[in-house]
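Undergrad: Please find coords34.txt (compact mmCIF, C-alpha atoms) on the next line:
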```txt
# COMPACT_ATOMS: atom_id res chain seq x y z
CA MET A 14 -41.04 -37.38 66.65
CA GLN A 15 -41.20 -33.68 65.91
CA THR A 16 -37.47 -33.24 66.55
CA ASP A 17 -36.56 -35.97 64.02
CA GLN A 18 -38.59 -34.26 61.32
CA HIS A 19 -37.13 -30.92 62.27
CA LEU A 20 -33.46 -32.08 62.14
CA SER A 21 -33.75 -33.93 58.87
CA PRO A 22 -34.41 -30.86 56.66
CA ARG A 23 -31.70 -28.95 58.51
CA SER A 24 -29.01 -31.60 57.86
CA SER A 25 -30.19 -31.90 54.27
CA GLY A 26 -29.74 -28.13 53.80
CA ARG A 27 -26.23 -28.28 55.25
CA ARG A 28 -25.34 -31.12 52.93
CA GLN A 29 -26.60 -29.14 49.89
CA LEU A 30 -24.70 -26.04 51.00
CA THR A 31 -21.51 -28.11 51.39
CA ILE A 32 -21.93 -29.59 47.92
CA ILE A 33 -22.48 -26.13 46.40
CA LEU A 34 -19.39 -24.72 48.12
CA LEU A 35 -17.26 -27.69 47.02
CA MET A 36 -18.43 -27.30 43.42
CA ALA A 37 -17.57 -23.60 43.51
CA ALA A 38 -14.13 -24.34 44.98
CA PHE A 39 -13.38 -26.99 42.31
CA SER A 40 -14.54 -24.65 39.54
CA LEU A 41 -12.41 -21.80 40.82
CA GLY A 42 -9.40 -24.06 41.36
CA GLY A 43 -9.80 -25.61 37.91
CA SER A 44 -9.98 -22.22 36.23
CA TYR A 45 -6.79 -21.06 37.99
CA LEU A 46 -5.03 -24.30 37.02
CA LEU A 47 -6.10 -23.91 33.38
CA PHE A 48 -5.09 -20.24 33.31
CA PHE A 49 -1.59 -20.85 34.65
CA SER A 50 -0.98 -23.96 32.52
CA VAL A 51 -1.90 -22.00 29.36
CA GLN A 52 0.26 -19.09 30.47
CA SER A 53 3.29 -21.31 30.98
CA GLY A 54 2.71 -23.11 27.69
CA SER A 55 3.01 -26.58 29.17
CA GLY A 56 0.85 -29.18 27.48
CA TRP A 57 -0.33 -26.81 24.74
CA GLY A 58 1.04 -26.52 21.28
CA THR A 59 0.24 -25.53 17.75
CA THR A 60 -1.11 -27.82 15.08
CA ASN A 61 1.03 -26.46 12.27
CA ASN A 62 4.25 -28.06 11.08
CA GLY A 63 5.92 -24.91 9.77
CA ALA A 64 7.28 -21.94 11.67
CA PHE A 65 5.36 -18.68 11.55
CA VAL A 66 7.24 -15.98 9.65
CA ASP A 67 8.16 -13.49 12.34
CA PRO A 68 8.37 -10.54 11.91
CA ALA A 69 5.59 -10.34 9.37
CA VAL A 70 6.79 -9.82 5.81
CA THR A 71 4.83 -9.14 2.62
CA VAL A 72 5.74 -9.69 -1.01
CA ASP A 73 5.47 -5.93 -1.59
CA GLN A 74 8.22 -5.38 0.98
CA LEU A 75 10.32 -8.00 -0.80
CA GLY A 76 9.68 -6.48 -4.24
CA TRP A 77 8.57 -9.63 -6.07
CA GLU A 78 9.22 -9.37 -9.82
CA THR A 79 9.11 -11.78 -12.74
CA ASP A 80 11.93 -12.39 -15.23
CA ASP A 81 10.65 -9.61 -17.47
CA GLN A 82 10.76 -7.06 -14.60
CA GLN A 83 6.99 -6.95 -14.05
CA ARG A 84 5.76 -6.41 -10.51
CA LEU A 85 4.27 -9.65 -9.32
CA GLY A 86 1.50 -9.51 -6.76
CA THR A 87 -0.05 -12.65 -5.39
CA SER A 88 -2.95 -12.31 -7.86
CA GLY A 89 -5.37 -13.56 -5.23
CA GLN A 90 -3.72 -16.96 -5.00
CA TRP A 91 -1.71 -18.89 -2.47
CA TRP A 92 1.96 -19.48 -3.26
CA LEU A 93 4.51 -22.15 -2.44
CA TRP A 94 7.71 -20.14 -2.73
CA THR A 95 11.09 -21.84 -2.71
CA VAL A 96 14.15 -19.75 -1.84
CA ALA A 97 17.58 -21.24 -2.44
CA SER A 98 20.95 -19.56 -2.94
CA GLN A 99 22.08 -22.35 -5.28
CA CYS A 100 19.50 -24.74 -6.72
CA ALA A 101 21.53 -27.94 -6.61
CA ASP A 102 20.36 -31.50 -5.96
CA LYS A 103 18.55 -30.76 -2.70
CA CYS A 104 16.67 -27.85 -4.26
CA VAL A 105 15.70 -29.79 -7.40
CA GLN A 106 14.42 -32.67 -5.23
CA ALA A 107 12.42 -30.19 -3.17
CA LEU A 108 10.87 -28.74 -6.35
CA GLN A 109 9.87 -32.23 -7.51
CA LYS A 110 8.32 -33.03 -4.13
CA LEU A 111 6.47 -29.70 -4.09
CA ARG A 112 5.09 -30.36 -7.56
CA ALA A 113 3.82 -33.75 -6.37
CA ALA A 114 2.29 -32.10 -3.29
CA HIS A 115 0.69 -29.48 -5.55
CA ILE A 116 -0.87 -32.22 -7.65
CA LEU A 117 -2.17 -33.92 -4.47
CA LEU A 118 -4.20 -30.81 -3.69
CA ASN A 119 -6.62 -32.05 -6.39
CA ARG A 120 -9.36 -29.50 -7.01
CA GLU A 121 -7.68 -26.99 -4.69
CA ALA A 122 -4.52 -27.00 -6.85
CA LYS A 123 -5.83 -24.12 -8.98
CA ARG A 124 -5.76 -21.91 -5.87
CA VAL A 125 -2.00 -22.42 -5.40
CA ARG A 126 0.94 -21.34 -7.57
CA ARG A 127 4.58 -22.26 -7.19
CA GLY A 128 7.56 -19.94 -7.43
CA ILE A 129 11.32 -20.04 -6.96
CA THR A 130 13.99 -17.50 -6.14
CA THR A 131 17.54 -18.70 -6.72
CA GLN A 132 20.75 -17.85 -8.61
CA ALA A 133 20.46 -15.89 -11.86
CA ASP A 134 21.66 -18.69 -14.16
CA PHE A 135 19.03 -21.17 -12.95
CA GLU A 136 16.78 -22.47 -15.71
CA VAL A 137 13.35 -23.83 -14.85
CA PRO A 138 13.36 -27.60 -15.52
CA GLU A 139 11.11 -28.87 -18.29
CA ASP A 140 9.22 -31.09 -15.84
CA GLN A 141 8.23 -27.93 -13.89
CA PRO A 142 6.17 -25.99 -16.48
CA ASP A 143 4.05 -24.14 -13.93
CA LEU A 144 7.00 -22.99 -11.81
CA GLN A 145 7.26 -19.17 -11.80
CA ARG A 146 10.68 -17.57 -11.50
CA ILE A 147 10.56 -14.78 -8.88
CA MET A 148 13.20 -12.16 -8.21
CA THR A 149 13.22 -10.02 -5.10
CA SER A 150 14.91 -6.79 -4.14
CA ALA A 151 15.56 -8.09 -0.64
CA ASP A 152 18.39 -10.52 0.06
CA GLN A 153 17.51 -11.21 3.69
CA MET A 154 15.27 -14.21 3.01
CA ALA A 155 16.59 -17.42 4.50
CA GLU A 156 16.79 -20.52 2.35
CA GLY A 157 13.63 -22.58 2.59
CA ILE A 158 10.06 -22.96 1.45
CA TYR A 159 7.41 -20.38 2.29
CA ILE A 160 3.62 -20.37 2.12
CA VAL A 161 2.33 -16.99 0.96
CA ASP A 162 -1.35 -16.07 1.37
CA PRO A 163 -3.48 -14.29 -1.27
CA ASN A 164 -2.95 -10.95 0.49
CA GLY A 165 0.82 -11.28 -0.03
CA ASN A 166 1.75 -12.17 3.56
CA LEU A 167 4.36 -14.83 4.21
CA VAL A 168 2.64 -17.23 6.60
CA PHE A 169 4.83 -20.29 7.27
CA SER A 170 8.43 -21.17 6.56
CA TYR A 171 9.93 -24.64 6.23
CA PRO A 172 13.43 -26.03 5.70
CA ILE A 173 14.24 -26.87 2.09
CA ASP A 174 14.28 -30.61 2.89
CA ILE A 175 10.87 -30.69 4.62
CA ASN A 176 8.73 -33.78 4.25
CA PRO A 177 6.14 -32.56 1.72
CA LYS A 178 3.35 -34.37 3.59
CA LEU A 179 3.83 -32.01 6.53
CA LEU A 180 3.75 -28.95 4.30
CA LEU A 181 0.73 -30.34 2.44
CA ALA A 182 -1.16 -30.83 5.72
CA ASP A 183 -0.60 -27.17 6.66
CA LEU A 184 -1.54 -25.95 3.20
CA LYS A 185 -4.74 -28.01 3.10
CA ARG A 186 -5.73 -26.66 6.51
CA LEU A 187 -5.09 -23.09 5.37
CA LEU A 188 -7.06 -23.57 2.16
CA LYS A 189 -9.94 -25.12 4.08
CA VAL A 190 -10.34 -22.25 6.53
CA SER A 191 -9.47 -19.46 4.11
CA GLN A 192 -12.24 -17.26 2.76
CA ILE A 193 -9.83 -15.60 0.31
CA GLY A 194 -8.05 -16.96 -2.72
```
Represent the structure of the file as structure tokens.
TA:
Amino acid sequence: MQTDQHLSPRSSGRRQLTIILLMAAFSLGGSYLLFFSVQSGSGWGTTNNGAFVDPAVTVDQLGWETDDQQRLGTSGQWWLWTVASQCADKCVQALQKLRAAHILLNREAKRVRRGITTQADFEVPEDQPDLQRIMTSADQMAEGIYIVDPNGNLVFSYPIDINPKLLLADLKRLLKVSQIG
């Protein structure tokens, strides 16, 4: 009877030690699996719809100016900036969609301004009264729509024919987490 009592705690201790070692092995194996899956990029992605502007560019580097040759900073606001070599049908449609998206921002709309850079003879349509004409000294900007933060950094770029709902989702997320502008 003494041997049965003596063996029972010993086998119980071995069982606990085995469980502890298995838990450690699974934890270590899981951490290695997570590390290498993140490193390879498989199964992980970003939540934004636009492409990050890379390399980083600021409006100061681009030399933003208004029609009357005044330097234009971001004035502590976010910008939806449209760049088009020729503002034809596709560009005008994009401006209309961006205006609708701007209106859908509701109370956050006052934090965002809209601007356009295009050919010199372009006249701002009457249905776009809040659209600011922007000229730049740099010609390297690709055609598209850009989100510019209040510090003057270009954040995301989109094709000119982007679904405005996708752009609006990114902009709302940025406005929500932003402590500036």
Undergrad: Quick one, how far is CA of Asp183 (chain A) from CA of Asp67 (chain A)?
TA: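 Atom-to-atom, CA of Asp183 (chain A) to CA of Asp67 (chain A), that is 17.2 Å.
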Undergrad: From the set A:Cys100, A:Met148, A:Leu187, A:Leu75, which residue has the shortest atom-to-atom contact distance to Asp162 (chain A), counting only C-alpha atoms?
TA: A:Leu187
Undergrad: Identify which of the residues A:Leu167, A:Val125, A:Val105, A:Met36 lies closest to Gln74 (chain A), counting all atoms listed in the file when measuring atom-to-atom distances.
TA: A:Leu167
Undergrad: Using only C-alpha atoms, which of the listed residues (A:Gly165, A:Gly89, A:Gly157, A:Pro68) sits closest to Arg124 (chain A)?
TA: A:Gly89
Undergrad: Excluding Ala155 (chain A) and residues on its chain fewer than 2 positions from it, collect all residues at most 10 Å away from it, counting all atoms listed in the file, and give them as a list of chain:residue names.
TA: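 Within the cut-off, the hits are A:Val96, A:Ala97, A:Ser98, A:Asp152, A:Gln153, A:Gly157, A:Ile158, A:Tyr159, A:Ser170, A:Tyr171, A:Pro172.
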Undergrad: Could the residues in this selection be written to a file with C-alpha atoms, as a PDB file, in the frame of the given file?
TA:
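New file result-v8.pdb:
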```pdb
ATOM      1  CA  VAL A  96      14.150 -19.750  -1.840  1.00  0.00           C
ATOM      2  CA  ALA A  97      17.580 -21.240  -2.440  1.00  0.00           C
ATOM      3  CA  SER A  98      20.950 -19.560  -2.940  1.00  0.00           C
ATOM      4  CA  ASP A 152      18.390 -10.520   0.060  1.00  0.00           C
ATOM      5  CA  GLN A 153      17.510 -11.210   3.690  1.00  0.00           C
ATOM      6  CA  GLY A 157      13.630 -22.580   2.590  1.00  0.00           C
ATOM      7  CA  ILE A 158      10.060 -22.960   1.450  1.00  0.00           C
ATOM      8  CA  TYR A 159       7.410 -20.380   2.290  1.00  0.00           C
ATOM      9  CA  SER A 170       8.430 -21.170   6.560  1.00  0.00           C
ATOM     10  CA  TYR A 171       9.930 -24.640   6.230  1.00  0.00           C
ATOM     11  CA  PRO A 172      13.430 -26.030   5.700  1.00  0.00           C
TER      12      PRO A 172
END
```
Undergrad: Tell me which of A:Gln90, A:Gln141, A:Thr131, A:Thr95 sits closest to Ser191 (chain A), counting all atoms listed in the file.
TA: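 The closest residue to Ser191 (chain A) is A:Gln90.
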Undergrad: Just checking: using only C-alpha atoms, which residue out of A:Asn62, A:Ser150, A:Thr130, A:Gln99 ends up closest to Val168 (chain A)?
TA: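 Among the listed residues, the smallest separation from Val168 (chain A) belongs to A:Asn62.
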Undergrad: Please measure the separation of CA of His115 (chain A) and CA of Ala182 (chain A), giving the value in Å to one decimal.
TA: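 CA of Ala182 (chain A) lies at a distance of 11.5 Å from CA of His115 (chain A).
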Undergrad: For a quick check of understanding, using only C-alpha atoms, which of A:Leu181, A:Ala64, A:Val72, A:Val137 has the smallest distance to Ala113 (chain A)?
TA: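 Residue with the minimum atom-to-atom distance to Ala113 (chain A): A:Leu181.
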Undergrad: Please report the interatomic distance between CA of Gln109 (chain A) and CA of Gln192 (chain A) in Å with one decimal.
TA: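 CA of Gln192 (chain A) lies at a distance of 28.6 Å from CA of Gln109 (chain A).
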Undergrad: Quick one: residues within 6 Å of region 145-147 of chain A, all atoms listed in the file counted, chain neighbours fewer than 4 positions away excluded, as a list in words?
TA: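 Non-adjacent residues within range: Glu78, Thr79, Gly128, Ile129 and Thr130 of chain A.
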Undergrad: Hey, can you pull every residue with an atom no more than 10 Å from (10.9, -29.9, -12.7), using all atoms listed in the file, and send it as a PyMOL selection string?
TA: chain A and resi 105-112+136-144
Undergrad: Can you take the partial region 108-131 of chain A, add N, CA, C and O atoms, and return it as a JSON list (two decimals), in the coordinates of the input?
TA:
```json
[["chain", "number", "residue", "atom", "x", "y", "z"],
["A", 108, "LEU", "N", 11.81, -29.19, -5.32],
["A", 108, "LEU", "CA", 10.87, -28.74, -6.35],
["A", 108, "LEU", "C", 10.02, -29.89, -6.87],
["A", 108, "LEU", "O", 8.82, -29.73, -7.10],
["A", 109, "GLN", "N", 10.63, -31.07, -7.05],
["A", 109, "GLN", "CA", 9.87, -32.23, -7.51],
["A", 109, "GLN", "C", 8.85, -32.67, -6.46],
["A", 109, "GLN", "O", 7.70, -32.98, -6.80],
["A", 110, "LYS", "N", 9.25, -32.65, -5.20],
["A", 110, "LYS", "CA", 8.32, -33.03, -4.13],
["A", 110, "LYS", "C", 7.18, -32.01, -4.01],
["A", 110, "LYS", "O", 6.04, -32.38, -3.77],
["A", 111, "LEU", "N", 7.51, -30.73, -4.17],
["A", 111, "LEU", "CA", 6.47, -29.70, -4.09],
["A", 111, "LEU", "C", 5.50, -29.81, -5.26],
["A", 111, "LEU", "O", 4.31, -29.56, -5.11],
["A", 112, "ARG", "N", 6.00, -30.17, -6.42],
["A", 112, "ARG", "CA", 5.09, -30.36, -7.56],
["A", 112, "ARG", "C", 4.15, -31.51, -7.29],
["A", 112, "ARG", "O", 2.95, -31.44, -7.57],
["A", 113, "ALA", "N", 4.67, -32.60, -6.72],
["A", 113, "ALA", "CA", 3.82, -33.75, -6.37],
["A", 113, "ALA", "C", 2.79, -33.35, -5.31],
["A", 113, "ALA", "O", 1.62, -33.72, -5.40],
["A", 114, "ALA", "N", 3.22, -32.57, -4.33],
["A", 114, "ALA", "CA", 2.29, -32.10, -3.29],
["A", 114, "ALA", "C", 1.23, -31.19, -3.91],
["A", 114, "ALA", "O", 0.05, -31.25, -3.54],
["A", 115, "HIS", "N", 1.63, -30.37, -4.86],
["A", 115, "HIS", "CA", 0.69, -29.48, -5.55],
["A", 115, "HIS", "C", -0.36, -30.29, -6.30],
["A", 115, "HIS", "O", -1.55, -29.97, -6.27],
["A", 116, "ILE", "N", 0.06, -31.35, -6.94],
["A", 116, "ILE", "CA", -0.87, -32.22, -7.65],
["A", 116, "ILE", "C", -1.83, -32.89, -6.67],
["A", 116, "ILE", "O", -3.02, -33.05, -6.95],
["A", 117, "LEU", "N", -1.33, -33.25, -5.48],
["A", 117, "LEU", "CA", -2.17, -33.92, -4.47],
["A", 117, "LEU", "C", -3.24, -33.00, -3.89],
["A", 117, "LEU", "O", -4.14, -33.47, -3.19],
["A", 118, "LEU", "N", -3.15, -31.72, -4.16],
["A", 118, "LEU", "CA", -4.20, -30.81, -3.69],
["A", 118, "LEU", "C", -5.51, -31.02, -4.45],
["A", 118, "LEU", "O", -6.55, -30.50, -4.05],
["A", 119, "ASN", "N", -5.45, -31.75, -5.56],
["A", 119, "ASN", "CA", -6.62, -32.05, -6.39],
["A", 119, "ASN", "C", -7.32, -30.79, -6.85],
["A", 119, "ASN", "O", -6.71, -29.95, -7.47],
["A", 120, "ARG", "N", -8.59, -30.64, -6.51],
["A", 120, "ARG", "CA", -9.36, -29.50, -7.01],
["A", 120, "ARG", "C", -8.89, -28.17, -6.42],
["A", 120, "ARG", "O", -9.18, -27.11, -6.96],
["A", 121, "GLU", "N", -8.20, -28.20, -5.31],
["A", 121, "GLU", "CA", -7.68, -26.99, -4.69],
["A", 121, "GLU", "C", -6.39, -26.51, -5.35],
["A", 121, "GLU", "O", -5.90, -25.43, -5.05],
["A", 122, "ALA", "N", -5.81, -27.32, -6.24],
["A", 122, "ALA", "CA", -4.52, -27.00, -6.85],
["A", 122, "ALA", "C", -4.58, -25.69, -7.64],
["A", 122, "ALA", "O", -3.58, -24.98, -7.73],
["A", 123, "LYS", "N", -5.73, -25.36, -8.19],
["A", 123, "LYS", "CA", -5.83, -24.12, -8.98],
["A", 123, "LYS", "C", -5.73, -22.88, -8.10],
["A", 123, "LYS", "O", -5.50, -21.79, -8.61],
["A", 124, "ARG", "N", -5.87, -23.03, -6.79],
["A", 124, "ARG", "CA", -5.76, -21.91, -5.87],
["A", 124, "ARG", "C", -4.32, -21.62, -5.47],
["A", 124, "ARG", "O", -4.04, -20.62, -4.81],
["A", 125, "VAL", "N", -3.40, -22.51, -5.85],
["A", 125, "VAL", "CA", -2.00, -22.42, -5.40],
["A", 125, "VAL", "C", -1.07, -22.36, -6.61],
["A", 125, "VAL", "O", -1.21, -23.13, -7.55],
["A", 126, "ARG", "N", -0.12, -21.44, -6.55],
["A", 126, "ARG", "CA", 0.94, -21.34, -7.57],
["A", 126, "ARG", "C", 2.27, -21.62, -6.90],
["A", 126, "ARG", "O", 2.40, -21.50, -5.70],
["A", 127, "ARG", "N", 3.25, -21.97, -7.72],
["A", 127, "ARG", "CA", 4.58, -22.26, -7.19],
["A", 127, "ARG", "C", 5.59, -21.31, -7.80],
["A", 127, "ARG", "O", 5.51, -20.98, -8.98],
["A", 128, "GLY", "N", 6.52, -20.86, -6.97],
["A", 128, "GLY", "CA", 7.56, -19.94, -7.43],
["A", 128, "GLY", "C", 8.90, -20.29, -6.84],
["A", 128, "GLY", "O", 8.98, -21.00, -5.83],
["A", 129, "ILE", "N", 9.96, -19.79, -7.45],
["A", 129, "ILE", "CA", 11.32, -20.04, -6.96],
["A", 129, "ILE", "C", 12.15, -18.78, -7.11],
["A", 129, "ILE", "O", 12.02, -18.03, -8.07],
["A", 130, "THR", "N", 12.98, -18.55, -6.10],
["A", 130, "THR", "CA", 13.99, -17.50, -6.14],
["A", 130, "THR", "C", 15.33, -18.18, -5.88],
["A", 130, "THR", "O", 15.52, -18.80, -4.83],
["A", 131, "THR", "N", 16.23, -18.06, -6.84],
["A", 131, "THR", "CA", 17.54, -18.70, -6.72],
["A", 131, "THR", "C", 18.54, -17.93, -7.58],
["A", 131, "THR", "O", 18.25, -16.81, -8.02]]
```
